[in-house]
Amino acid sequence: MRLKICGITNLKQADAIASLGVDTLGFICVKNSPRYINPEQIKTITSKIPSEVSKVGVFVNQSVDDILDIVKTGGLTAIQLHGDETPSMCSTLRESLPDLEIIKVFRYENSDSLAKLDDYLSVIDTILLDTYQKDMYGGTGKTFNWSELADFRPPRPWLLAGGLTPDNVLLALNTLKCDGIDVSSGVETNPGEKDLNKIKLLLEHLNSFKVPLHSSN
Ligand SMILES: O=C(O)c1ccccc1N[C@@H]1O[C@H](COP(=O)(O)O)[C@@H](O)[C@H]1O
């Protein structure tokens with residue numbers, strides 16, 4: 001099971017979180033987010049984190065040129081498209097950076113929220129489902145109705161996000177079958193400041209679950 005901790009803003013925490021065995025770190029590249037971190041700051045972190053850790057930049061409706069610049073400057077290995085990016089835009093990004101993992105976010109409100117999923121499958125690597133909230137693209141801290149996804153088995157790996165915490169993660173994993181989870185505000189003291197004790201507790205709970213961390217099954 002893949003574990004992404006998102007909203008990293010400093011090297012000390014990135015280092016500590018990677019040392020706990022977290023395989024994916026996320027950096028919010030969206031300027032109006034309280035978790036925003038600029039590309040040079042991202043680089044000071046990514047350059048010191050082991051190469052096996054995925055470094056994901058999170059974007060909302062930014063231009064291809066901006067994304068490519070930030071990926072290059074920040075030393076990112078993956079992008080998370082959290083806005084209304086089209087399949088055509090994903091295709092352009094894929095052509096420009098064939099080795100980069102492309103994670104496309106679908107904000108889940110009801111089953112209609114997945115109506116366009118098929119259009120993306122050939123141009124993305126990973127699906128991420130987050131909670132839909134009007135006027136807020138991400139970092140809502142809110143869960144959605146997981147039981148509606150109990151039979152969701154897309155032909156790409158998928159990550160669950162939205163309001164996950166150490167306290168509710170096992171309920172989520174017992175309700176649906178995802179390939180990984182993405183946690184941000186549920187392991188923070190305040191926006192951008194991670195709580196290492198909460199991350200340790202999250203890991204304890206995940207390790208007690210039947211699917212071990214990093215397993216693809
Ligand atoms: O965290 C943000 O500020 C943010 C801003 C814009 C787009 C995405 C953002 N966060 C991502 O939202 C999900 C769920 O977060 P949470 O666990 O509900 O707080 C996650 O991928 C965050 O990285």
# chains A, B, ... in the order shown; residues from 1 in each chain; ligands from 1
>>> residues_near_ligand(ligand="ligand 1", cutoff="7 Å", atoms="only C-alpha atoms and all ligand atoms", output="list in words")
Cys6, Gly7, Gly26, Ile28, Val30, Ser33, Pro34, Arg35, Val58, Phe59, Val60, His82, Asp130, Tyr137, Gly138, Gly139, Thr140, Gly141, Lys142, Ala161, Gly162, Gly163, Leu164, Asp182, Val183, Ser184, Ser185 and Gly186 of chain A
>>> write_last_selection(atoms="N, CA and C atoms", output="CSV table (one decimal), in the first residue's frame")
chain,number,residue,atom,x,y,z
A,6,CYS,N,1.2,14.7,2.1
A,6,CYS,CA,1.2,15.9,1.3
A,6,CYS,C,1.2,17.2,2.1
A,7,GLY,N,1.7,18.2,1.4
A,7,GLY,CA,1.7,19.5,2.1
A,7,GLY,C,3.0,19.7,2.9
A,26,GLY,N,4.4,15.0,-0.9
A,26,GLY,CA,3.7,15.9,-1.8
A,26,GLY,C,4.0,17.4,-1.5
A,28,ILE,N,2.8,21.3,-2.3
A,28,ILE,CA,1.7,22.1,-2.9
A,28,ILE,C,2.3,23.3,-3.7
A,30,VAL,N,0.6,25.5,-5.4
A,30,VAL,CA,-0.6,26.3,-5.7
A,30,VAL,C,-0.5,27.6,-4.8
A,33,SER,N,-2.6,28.5,-1.6
A,33,SER,CA,-2.7,27.5,-0.5
A,33,SER,C,-1.9,27.9,0.7
A,34,PRO,N,-2.4,27.7,1.9
A,34,PRO,CA,-1.5,27.9,3.0
A,34,PRO,C,-0.3,27.0,3.1
A,35,ARG,N,-0.3,26.0,2.2
A,35,ARG,CA,0.8,25.0,2.2
A,35,ARG,C,1.7,25.2,1.1
A,58,VAL,N,1.9,19.3,-6.5
A,58,VAL,CA,0.4,19.3,-6.7
A,58,VAL,C,0.1,20.7,-7.4
A,59,PHE,N,-0.7,20.6,-8.4
A,59,PHE,CA,-1.0,21.7,-9.3
A,59,PHE,C,-2.6,21.8,-9.4
A,60,VAL,N,-3.0,23.1,-9.5
A,60,VAL,CA,-4.4,23.3,-9.8
A,60,VAL,C,-4.5,24.3,-11.0
A,82,HIS,N,-4.8,18.6,-9.8
A,82,HIS,CA,-5.9,18.6,-8.8
A,82,HIS,C,-7.0,19.5,-9.3
A,130,ASP,N,-10.5,12.5,-4.4
A,130,ASP,CA,-10.5,13.5,-3.2
A,130,ASP,C,-12.0,13.9,-3.1
A,137,TYR,N,-10.4,23.4,-4.1
A,137,TYR,CA,-9.9,22.3,-4.9
A,137,TYR,C,-9.3,21.1,-4.1
A,138,GLY,N,-8.7,21.4,-3.0
A,138,GLY,CA,-8.1,20.3,-2.2
A,138,GLY,C,-7.8,20.8,-0.8
A,139,GLY,N,-7.3,19.9,0.0
A,139,GLY,CA,-6.9,20.2,1.4
A,139,GLY,C,-8.2,20.5,2.2
A,140,THR,N,-9.3,19.9,1.9
A,140,THR,CA,-10.6,20.2,2.5
A,140,THR,C,-10.6,19.7,3.9
A,141,GLY,N,-9.9,18.6,4.2
A,141,GLY,CA,-10.0,17.9,5.5
A,141,GLY,C,-11.4,17.2,5.6
A,142,LYS,N,-12.1,17.0,4.5
A,142,LYS,CA,-13.4,16.3,4.6
A,142,LYS,C,-13.4,15.0,3.9
A,161,ALA,N,-7.9,10.1,-1.1
A,161,ALA,CA,-7.6,11.3,-0.3
A,161,ALA,C,-8.9,11.9,0.3
A,162,GLY,N,-8.7,12.9,1.1
A,162,GLY,CA,-9.9,13.6,1.6
A,162,GLY,C,-10.2,13.3,3.0
A,163,GLY,N,-9.6,14.1,3.9
A,163,GLY,CA,-10.0,14.0,5.3
A,163,GLY,C,-9.5,12.8,6.0
A,164,LEU,N,-8.5,12.1,5.5
A,164,LEU,CA,-8.0,10.9,6.2
A,164,LEU,C,-7.2,11.3,7.4
A,182,ASP,N,-3.6,9.1,0.6
A,182,ASP,CA,-2.9,10.4,0.5
A,182,ASP,C,-3.5,11.2,1.7
A,183,VAL,N,-2.6,11.7,2.6
A,183,VAL,CA,-3.0,12.3,3.8
A,183,VAL,C,-2.3,13.6,4.0
A,184,SER,N,-3.1,14.7,4.3
A,184,SER,CA,-2.5,16.0,4.5
A,184,SER,C,-2.9,16.6,5.8
A,185,SER,N,-4.1,17.3,5.8
A,185,SER,CA,-4.5,18.0,7.0
A,185,SER,C,-4.8,17.1,8.2
A,186,GLY,N,-5.0,15.9,8.0
A,186,GLY,CA,-5.3,14.9,9.1
A,186,GLY,C,-4.1,14.6,9.9
>>> select_by_dssp(residues="segment 14-187 of chain A", states="strand (DSSP E or B)", output="number ranges by chain")
A: 24-28, 36, 54-59, 78-81, 101-108, 126-131, 133, 136, 158-160, 180-183
>>> closest_residue(among="A:Gln13, A:Thr73, A:Ser54, A:Gln80", to="Ile42 of chain A", atoms="only C-alpha atoms")
A:Thr73
>>> residues_around(residues="Cys90 of chain A", least_positions_apart="5", cutoff="9 Å", atoms="only C-alpha atoms", output="ChimeraX atom specification")
/A:64,81,85,95,102,104,120,123-124
>>> closest_residue(among="A:Arg94, A:Lys48, A:Lys43, A:Lys4", to="Ser122 of chain A", atoms="only C-alpha atoms")
A:Arg94
>>> closest_residue(among="A:Ala172, A:Leu203, A:Met1, A:Val105", to="Val187 of chain A", atoms="only C-alpha atoms")
A:Leu203
>>> atom_distance(atom1="atom CA of Leu11 of chain A", atom2="atom CA of Glu204 of chain A")
23.3 Å
